[in-house]
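Below is one structure, written out as structure tokens; the observations come after it.
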Amino acid sequence: MAKTVDARGLSCPQPVLMTLDEIKAGTETELLVLVDNDASKENVSRAVQSRKWRVESIEEKDGTYQIAVKKG
Amino acid sequence: MKGIKNIFAGPGGIIGVGVAIGILAPLLQYLGNPANMGVCVACFERDIAGGLGLHRAAVVQYLRPEIIGFVLGSLIAAYLFKEFRPRLGSAPIVRFFLGVFAMIGALVFLGCPWRAALRLAGGDGTAIFGLLGLIGGIWIGTLFLRGGYNLGRTQTTHTAAGWMLPLFMIGLLVFMLLFPQIPGQDKNEFIFYSVKGPGSQHAPLAISLGIGLIIGVLAQRSRFCTMGAIRDFVLFRQMHLLSGFLALIITALAVNFILGQFKPGFEGQPVAHTQHLWNFAGMSLSGLAYCLAGGCPGRQLFLAGEGDGDAAVFVLGMIVGAAFGHNFGLASSPAGVGPYGISAVFVGLAFCLFVGFSMRKRIA
């Protein structure tokens with residue numbers, strides 16, 4: 001089960017900072033990032049891909065985007 | 001890139017939007033807007049404050065249709081692409097005062113980041129100090145961001161709450177249409193209109209509104225933000241938003257050449273002064289306030305258009321800040337800084353540092 005980064009209700013750069021903090025901590029190989037606006041969804045997707053992670057899937061449920069990201 | 005289906009949010013999209021603004025803003029100058037002020041969110045909100053009589057600086061009073069267009073264009077784009085999300089509750093009172101001081105800093109420099117770019121693109125060398133100040137202020141802001149600064153989460157709210165600033169803008173437009181300027185007079189039944197000075201210089205209403213709407217749509221789709229451009233580069237070494245901002249400057253430079261609007265120099269530049277330290281310091285205050293509030297003045301308008309009530313409060317803070325600026329002698333003029341402008345910059349910086357240091361609670 002991937003660790004969850006709950007960035008709902010936050011606007012950038014917080015969702016990106018929270019996600020990159022987890023990536024830099026180096027203990028996780030996959031994360032589930034929750035955001036609730038399109039700009040954050042795009043920014044998180046862009047940021048993880050610049051750190052050589054990849055976006056596995058994005059699901060929208062009740063206004064929340066669940067972005068599954070994975071190392072490598 | 002996976003996760004980004006919106007073409008405007010791709011690399012070509014953001015550069016394209018920067019190019020579009022870089023063409024449209026100098027064009028507005030050609031069609032009547034003040035020199036190097038095709039679009040200036042701070043100046044134009046200040047003019048709106050004047051048009052409503054919140055300050056009585058007679059030379060800067062006009063309900064600028066570009067601002068109305070920015071908000072309504074963003075609203076239209078947000079509805080078309082199902083991105084209208086009414087939300088608020090992330091420390092709105094703090095955002096209000098960040099808006100107040102962001103405006104005061106902008107009035108010491110005489111422009112928002114958009115105008116700093118347009119001033120540079122028009123050959124105004126004094127803008128360099130403003131842009132350096134902007135970078136400095138945002139850099140300080142990123143230190144707070146790294147240290148855990150945040151204003152907390154928003155809540156989803158009623159759709160009608162997200163409509164408050166768009167409705168206010170529609171109201172302003174209705175006022176302009178019902179109460180147009182009486183030629184040669186500085187006021188009709190309700191609205192103040194400058195008869196001389198920058199406030200009297202404007203493109204025709206329909207063109208200003210139309211270009212405002214176009215920019216509003218493009219900026220909502222692309223998330224164009226001049227503060228974010230510098231912030232993301234400092235924080236993440238990410239060029240995405242910065243490429244749009246640079247595209248704006250380069251394009252506006254080229255368009256100014258074509259239209260004969262490029263006039264290089266430091267002295268005697270339009271609506272600018274040569275007190276470089278205060279150009280730098282004013283813009284540092286603004287940059288820090290924009291960074292702490294999460295967006296440049298333009299971005300705050302576009303966010304307000306897509307339902308962000310906190311951004312709307314920041315906008316109202318800027319309008320009130322403009323009134324303070326001109327009522328209390330804080331705003332600069334081409335002659336130099338106002339009598340209390342320097343003190344106001346220090347008060348503003350102290351306020352921003354207080355906010356930055358005191359609002360660092362980790363997010364649960």
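Labels for the structure tokens follow display order: chains A, B, ..., residues from 1 in each chain, ligands from 1.
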
Original post:
Please, which residues of segment 54-157 of chain B, numbered as in this document, come out strand (DSSP E) from DSSP, as an MDAnalysis selection string?
Top reply: chainID B and resid 87:88 155:156

Would you write out, as a tab-separated table, a table of all residues in chain B that have an atom no more than 10 Å from an atom of chain A, listing for each the closest atom pair and the distance in Å to one decimal, considering only C-alpha atoms and ordering rows by chain and rising residue number?
residue	atom	partner	partner_atom	distance
B:Met1	CA	A:Arg46	CA	7.5
B:Lys2	CA	A:Val55	CA	6.3
B:Gly3	CA	A:Ser45	CA	5.6
B:Ile4	CA	A:Glu42	CA	5.5
B:Lys5	CA	A:Glu42	CA	8.7
B:Asn6	CA	A:Glu42	CA	8.6
B:Ala9	CA	A:Glu42	CA	7.4
B:Gly10	CA	A:Glu42	CA	9.2
B:Lys82	CA	A:Asp38	CA	9.8
B:Glu83	CA	A:Asp38	CA	7.1
B:Phe84	CA	A:Asn37	CA	9.3
B:Arg85	CA	A:Asn37	CA	7.7
B:Arg87	CA	A:Gly9	CA	8.3
B:Leu88	CA	A:Gly9	CA	9.0
B:Gly89	CA	A:Gly9	CA	9.3
B:Ser90	CA	A:Gly9	CA	8.5
B:Thr142	CA	A:Pro13	CA	9.7
B:Leu145	CA	A:Gln14	CA	8.0
B:Arg146	CA	A:Leu17	CA	7.9
B:Gly148	CA	A:Gln14	CA	8.9
B:Tyr149	CA	A:Gln14	CA	9.1
B:Asn150	CA	A:Gln14	CA	7.6
B:Leu151	CA	A:Leu10	CA	8.7
B:Gly152	CA	A:Leu10	CA	7.0
B:Arg153	CA	A:Gly9	CA	4.5
B:Thr154	CA	A:Gly9	CA	4.6
B:Gln155	CA	A:Gly9	CA	6.4
B:Thr156	CA	A:Gly9	CA	8.1
B:Gln220	CA	A:Ala39	CA	9.4
B:Arg221	CA	A:Ala39	CA	9.0
B:Ser222	CA	A:Ala39	CA	8.7
B:Arg223	CA	A:Ala39	CA	6.8
B:Gly228	CA	A:Pro13	CA	8.5
B:Arg231	CA	A:Pro13	CA	8.8
B:Asp232	CA	A:Pro13	CA	7.9
B:Leu235	CA	A:Leu17	CA	8.9
B:Phe236	CA	A:Ala47	CA	8.2
B:Arg237	CA	A:Ser50	CA	9.9
B:Gln238	CA	A:Ala47	CA	8.2
B:His240	CA	A:Arg46	CA	9.1
B:Cys291	CA	A:Pro13	CA	9.8
B:Gly294	CA	A:Cys12	CA	7.0
B:Gly295	CA	A:Cys12	CA	9.1
B:Ile363	CA	A:Ala7	CA	8.8
B:Ala364	CA	A:Asp6	CA	8.7

Would you mind exporting C-alpha atoms of the selected residues as an mmCIF file, in the first residue's frame?
data_model
loop_
_atom_site.group_PDB
_atom_site.id
_atom_site.type_symbol
_atom_site.label_atom_id
_atom_site.label_comp_id
_atom_site.auth_asym_id
_atom_site.auth_seq_id
_atom_site.Cartn_x
_atom_site.Cartn_y
_atom_site.Cartn_z
ATOM 1 C CA MET B 1 3.777 14.341 -20.405
ATOM 2 C CA LYS B 2 1.579 11.975 -18.449
ATOM 3 C CA GLY B 3 -0.953 13.606 -16.158
ATOM 4 C CA ILE B 4 -1.126 16.740 -18.276
ATOM 5 C CA LYS B 5 -3.797 16.582 -20.964
ATOM 6 C CA ASN B 6 -4.320 20.331 -21.024
ATOM 7 C CA ALA B 9 -0.113 23.521 -19.476
ATOM 8 C CA GLY B 10 2.518 21.894 -21.700
ATOM 9 C CA LYS B 82 -15.066 22.083 -15.748
ATOM 10 C CA GLU B 83 -12.479 23.640 -13.466
ATOM 11 C CA PHE B 84 -14.701 26.063 -11.576
ATOM 12 C CA ARG B 85 -14.137 25.053 -7.956
ATOM 13 C CA ARG B 87 -13.291 27.328 -2.371
ATOM 14 C CA LEU B 88 -12.127 29.589 0.440
ATOM 15 C CA GLY B 89 -10.977 29.629 4.028
ATOM 16 C CA SER B 90 -7.187 29.649 3.799
ATOM 17 C CA THR B 142 10.877 30.540 -0.824
ATOM 18 C CA LEU B 145 8.081 27.958 2.047
ATOM 19 C CA ARG B 146 10.973 25.570 2.641
ATOM 20 C CA GLY B 148 7.009 25.018 6.346
ATOM 21 C CA TYR B 149 5.161 28.312 5.860
ATOM 22 C CA ASN B 150 1.582 27.872 4.681
ATOM 23 C CA LEU B 151 -1.771 29.544 5.178
ATOM 24 C CA GLY B 152 -3.685 26.303 5.674
ATOM 25 C CA ARG B 153 -6.230 24.400 3.648
ATOM 26 C CA THR B 154 -9.205 25.780 1.792
ATOM 27 C CA GLN B 155 -12.725 24.406 2.133
ATOM 28 C CA THR B 156 -15.129 23.709 -0.667
ATOM 29 C CA GLN B 220 -6.600 30.315 -16.638
ATOM 30 C CA ARG B 221 -5.775 27.425 -18.962
ATOM 31 C CA SER B 222 -2.000 27.842 -18.737
ATOM 32 C CA ARG B 223 -1.763 28.866 -15.017
ATOM 33 C CA GLY B 228 5.375 31.350 -9.775
ATOM 34 C CA ARG B 231 9.486 30.861 -7.344
ATOM 35 C CA ASP B 232 9.445 27.519 -9.170
ATOM 36 C CA LEU B 235 12.587 26.168 -5.425
ATOM 37 C CA PHE B 236 12.699 23.404 -8.017
ATOM 38 C CA ARG B 237 14.954 24.700 -10.826
ATOM 39 C CA GLN B 238 11.855 24.327 -12.970
ATOM 40 C CA HIS B 240 8.031 25.838 -17.005
ATOM 41 C CA CYS B 291 5.028 34.605 -2.757
ATOM 42 C CA GLY B 294 0.728 32.096 -3.682
ATOM 43 C CA GLY B 295 0.391 34.159 -6.834
ATOM 44 C CA ILE B 363 0.043 20.533 7.726
ATOM 45 C CA ALA B 364 -1.716 17.620 9.389
#
